[in-house]
Structure formats: C-alpha cells, structure tokens
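Note sheet for the following structure.
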Amino acid sequence: MTPFALSIPEAVKVSGLSRTAIYQAFRDGLPARKAGKRTLILAKDLEAYLANLPTYQVEG
C-alpha cells in the first residue's frame with residue numbers, strides 16, 4: 001500500500017532528494033502539513049513537485 005503522507009525522512013528515501021533539498025522545496029512552494037510536531041508531505045504533492053522539475057538538457 002502506498003502511503004498517503006510521508007515524513008521528511010520517508011520523502012528523502014522515496015524522492016532521492018536530500019533533506020536540505022526537501023526544505024528548499026518547501027521554500028519553493030512544496031506544501032507541508034503539521035500533525036503535532038511531525039511535518040508531513042502528501043505523496044501526491046511530492047509527486048507533482050518532482051514532475052514539475054526542469055528536465056535535464058544535454059548540451060553539445
């Protein structure tokens with residue numbers, strides 16, 4: 001079963017981004033939710049954020 005929401009360590013594991021990059025993503029508009037002291041990222045929001053990153057362009 002795919003989780004509905006991810007903790008920051010889980011988001012790091014599934015996305016391949018670093019913890020620092022996740023916090024930068026928050027500053028860039030990735031929404032986060034708070035459940036008490038826990039910060040959660042909806043899996044659909046993380047997927048949309050990753051899908052909207054620029055594509056790699058080979059120069060040459």
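Residues are referred to by chain and number: the chain letter is A, B, ... according to the order shown in the structure tokens, the number counts from 1 in that chain, and ligands are numbered separately from 1 in the order shown.
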Counting only C-alpha atoms, which residues of stretch 20-40 of chain A sit at most 9 Å from some atom of stretch 4-15 of chain A, and what is each one's closest atom pair with its distance in Å to one decimal, listed by chain and rising residue number, as a Markdown table?
| residue | atom | partner | partner_atom | distance |
| --- | --- | --- | --- | --- |
| A:Ala21 | CA | A:Val12 | CA | 8.7 |
| A:Ile22 | CA | A:Val12 | CA | 7.2 |
| A:Tyr23 | CA | A:Ile8 | CA | 9.0 |
| A:Arg38 | CA | A:Ser7 | CA | 7.2 |
| A:Thr39 | CA | A:Ser7 | CA | 6.1 |
| A:Leu40 | CA | A:Ser7 | CA | 4.8 |
Could you save the residues just selected, with N, CA, C and O atoms, as a PDB file, in the first residue's frame?
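File written: part-v8.pdb
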ATOM      1  N   ALA A  21      17.446  19.553   0.303  1.00  0.00           N
ATOM      2  CA  ALA A  21      16.661  19.815  -0.906  1.00  0.00           C
ATOM      3  C   ALA A  21      15.161  19.791  -0.607  1.00  0.00           C
ATOM      4  O   ALA A  21      14.395  20.558  -1.208  1.00  0.00           O
ATOM      5  N   ILE A  22      14.728  18.946   0.319  1.00  0.00           N
ATOM      6  CA  ILE A  22      13.310  18.919   0.713  1.00  0.00           C
ATOM      7  C   ILE A  22      12.933  20.246   1.360  1.00  0.00           C
ATOM      8  O   ILE A  22      11.895  20.837   1.034  1.00  0.00           O
ATOM      9  N   TYR A  23      13.779  20.753   2.264  1.00  0.00           N
ATOM     10  CA  TYR A  23      13.488  22.037   2.899  1.00  0.00           C
ATOM     11  C   TYR A  23      13.522  23.180   1.886  1.00  0.00           C
ATOM     12  O   TYR A  23      12.727  24.122   1.976  1.00  0.00           O
ATOM     13  N   ARG A  38       5.130  16.603  14.007  1.00  0.00           N
ATOM     14  CA  ARG A  38       5.559  15.959  12.756  1.00  0.00           C
ATOM     15  C   ARG A  38       5.232  16.825  11.553  1.00  0.00           C
ATOM     16  O   ARG A  38       4.153  17.394  11.463  1.00  0.00           O
ATOM     17  N   THR A  39       6.153  16.893  10.637  1.00  0.00           N
ATOM     18  CA  THR A  39       5.928  17.543   9.348  1.00  0.00           C
ATOM     19  C   THR A  39       5.655  16.453   8.333  1.00  0.00           C
ATOM     20  O   THR A  39       6.431  15.508   8.206  1.00  0.00           O
ATOM     21  N   LEU A  40       4.540  16.574   7.635  1.00  0.00           N
ATOM     22  CA  LEU A  40       4.141  15.575   6.651  1.00  0.00           C
ATOM     23  C   LEU A  40       4.007  16.206   5.270  1.00  0.00           C
ATOM     24  O   LEU A  40       3.609  17.359   5.135  1.00  0.00           O
TER      25      LEU A  40
END
| request: Assign secondary structure with DSSP using the backbone only, and return the residues of chain A in alpha helix (DSSP H) as a ChimeraX atom specification. | output: /A:8-15,19-27,43-51
Go ahead and write the selection's residues with C-alpha atoms as a JSON list (two decimals), in the first residue's frame.
[["chain", "number", "residue", "atom", "x", "y", "z"],
["A", 8, "ILE", "CA", 10.62, 14.09, 5.85],
["A", 9, "PRO", "CA", 12.91, 11.02, 6.19],
["A", 10, "GLU", "CA", 10.43, 8.99, 4.11],
["A", 11, "ALA", "CA", 10.25, 11.75, 1.47],
["A", 12, "VAL", "CA", 14.05, 11.76, 1.28],
["A", 13, "LYS", "CA", 14.08, 7.98, 0.70],
["A", 14, "VAL", "CA", 11.38, 7.85, -1.96],
["A", 15, "SER", "CA", 12.36, 11.02, -3.84],
["A", 19, "ARG", "CA", 16.95, 16.60, 3.45],
["A", 20, "THR", "CA", 18.28, 20.05, 2.54],
["A", 21, "ALA", "CA", 16.66, 19.82, -0.91],
["A", 22, "ILE", "CA", 13.31, 18.92, 0.71],
["A", 23, "TYR", "CA", 13.49, 22.04, 2.90],
["A", 24, "GLN", "CA", 14.41, 24.09, -0.20],
["A", 25, "ALA", "CA", 11.37, 22.60, -1.91],
["A", 26, "PHE", "CA", 9.22, 23.91, 0.96],
["A", 27, "ARG", "CA", 10.62, 27.38, 0.30],
["A", 43, "ALA", "CA", 2.62, 11.86, -1.54],
["A", 44, "LYS", "CA", 0.63, 13.45, -4.37],
["A", 45, "ASP", "CA", 2.18, 16.87, -3.64],
["A", 46, "LEU", "CA", 5.71, 15.43, -3.67],
["A", 47, "GLU", "CA", 5.00, 13.58, -6.91],
["A", 48, "ALA", "CA", 3.65, 16.78, -8.53],
["A", 49, "TYR", "CA", 6.67, 18.76, -7.33],
["A", 50, "LEU", "CA", 9.08, 16.22, -8.81],
["A", 51, "ALA", "CA", 7.11, 16.04, -12.07]]
| message | DSSP on the backbone: which residues in chain A end up as strand (DSSP E)? Give the answer as JSON, numbers by chain. | response | {"A": [5, 6, 7, 33, 34, 35, 38, 39, 40, 41, 42]}
Prev. selection, all heavy atoms, output as a short mmCIF file (atom, residue, chain, number, x, y, z; two decimals), in the first residue's frame:
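Final output, out28.cif:
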data_model
loop_
_atom_site.label_atom_id
_atom_site.label_comp_id
_atom_site.auth_asym_id
_atom_site.auth_seq_id
_atom_site.Cartn_x
_atom_site.Cartn_y
_atom_site.Cartn_z
N ALA A 5 0.67 10.06 3.16
CA ALA A 5 1.54 11.16 3.58
C ALA A 5 2.89 10.60 4.01
O ALA A 5 2.97 9.47 4.49
CB ALA A 5 0.89 11.94 4.73
N LEU A 6 3.91 11.41 3.82
CA LEU A 6 5.28 10.98 4.11
C LEU A 6 5.92 11.92 5.13
O LEU A 6 5.73 13.13 5.07
CB LEU A 6 6.12 11.03 2.83
CG LEU A 6 5.59 10.25 1.64
CD1 LEU A 6 6.29 10.70 0.37
CD2 LEU A 6 5.78 8.77 1.86
N SER A 7 6.70 11.35 6.03
CA SER A 7 7.53 12.17 6.91
C SER A 7 8.70 12.67 6.07
O SER A 7 8.93 12.20 4.95
CB SER A 7 8.03 11.34 8.09
OG SER A 7 8.91 10.32 7.62
N ARG A 33 2.34 19.68 5.75
CA ARG A 33 1.28 19.69 6.76
C ARG A 33 1.92 19.40 8.11
O ARG A 33 2.94 18.72 8.18
CB ARG A 33 0.22 18.62 6.48
CG ARG A 33 -0.38 18.58 5.08
CD ARG A 33 -1.00 19.89 4.70
NE ARG A 33 -1.93 19.82 3.59
CZ ARG A 33 -1.62 19.85 2.31
NH1 ARG A 33 -0.36 19.85 1.94
NH2 ARG A 33 -2.54 19.86 1.38
N LYS A 34 1.34 19.90 9.17
CA LYS A 34 1.82 19.62 10.51
C LYS A 34 0.79 18.76 11.24
O LYS A 34 -0.39 19.05 11.23
CB LYS A 34 2.04 20.92 11.29
CG LYS A 34 3.20 21.77 10.79
CD LYS A 34 4.54 21.09 10.89
CE LYS A 34 5.07 21.09 12.29
NZ LYS A 34 6.44 20.58 12.39
N ALA A 35 1.28 17.72 11.87
CA ALA A 35 0.46 16.86 12.73
C ALA A 35 1.20 16.80 14.06
O ALA A 35 2.15 16.02 14.21
CB ALA A 35 0.30 15.47 12.13
N ARG A 38 5.13 16.60 14.01
CA ARG A 38 5.56 15.96 12.76
C ARG A 38 5.23 16.83 11.55
O ARG A 38 4.15 17.39 11.46
CB ARG A 38 4.87 14.62 12.58
CG ARG A 38 5.34 13.61 13.61
CD ARG A 38 4.84 12.25 13.30
NE ARG A 38 5.45 11.80 12.05
CZ ARG A 38 5.13 10.69 11.43
NH1 ARG A 38 4.22 9.91 11.93
NH2 ARG A 38 5.73 10.35 10.31
N THR A 39 6.15 16.89 10.64
CA THR A 39 5.93 17.54 9.35
C THR A 39 5.65 16.45 8.33
O THR A 39 6.43 15.51 8.21
CB THR A 39 7.16 18.36 8.92
OG1 THR A 39 7.44 19.34 9.93
CG2 THR A 39 6.94 19.05 7.59
N LEU A 40 4.54 16.57 7.63
CA LEU A 40 4.14 15.58 6.65
C LEU A 40 4.01 16.21 5.27
O LEU A 40 3.61 17.36 5.13
CB LEU A 40 2.81 14.94 7.04
CG LEU A 40 2.78 14.20 8.38
CD1 LEU A 40 1.36 13.78 8.71
CD2 LEU A 40 3.71 12.99 8.33
N ILE A 41 4.33 15.42 4.27
CA ILE A 41 4.19 15.84 2.88
C ILE A 41 3.24 14.84 2.23
O ILE A 41 3.47 13.63 2.30
CB ILE A 41 5.55 15.80 2.16
CG1 ILE A 41 6.58 16.65 2.90
CG2 ILE A 41 5.40 16.25 0.72
CD1 ILE A 41 8.01 16.37 2.50
N LEU A 42 2.19 15.35 1.61
CA LEU A 42 1.30 14.44 0.91
C LEU A 42 2.04 13.85 -0.28
O LEU A 42 2.74 14.56 -1.01
CB LEU A 42 0.04 15.17 0.43
CG LEU A 42 -0.87 15.73 1.52
CD1 LEU A 42 -2.11 16.36 0.89
CD2 LEU A 42 -1.28 14.66 2.51
#
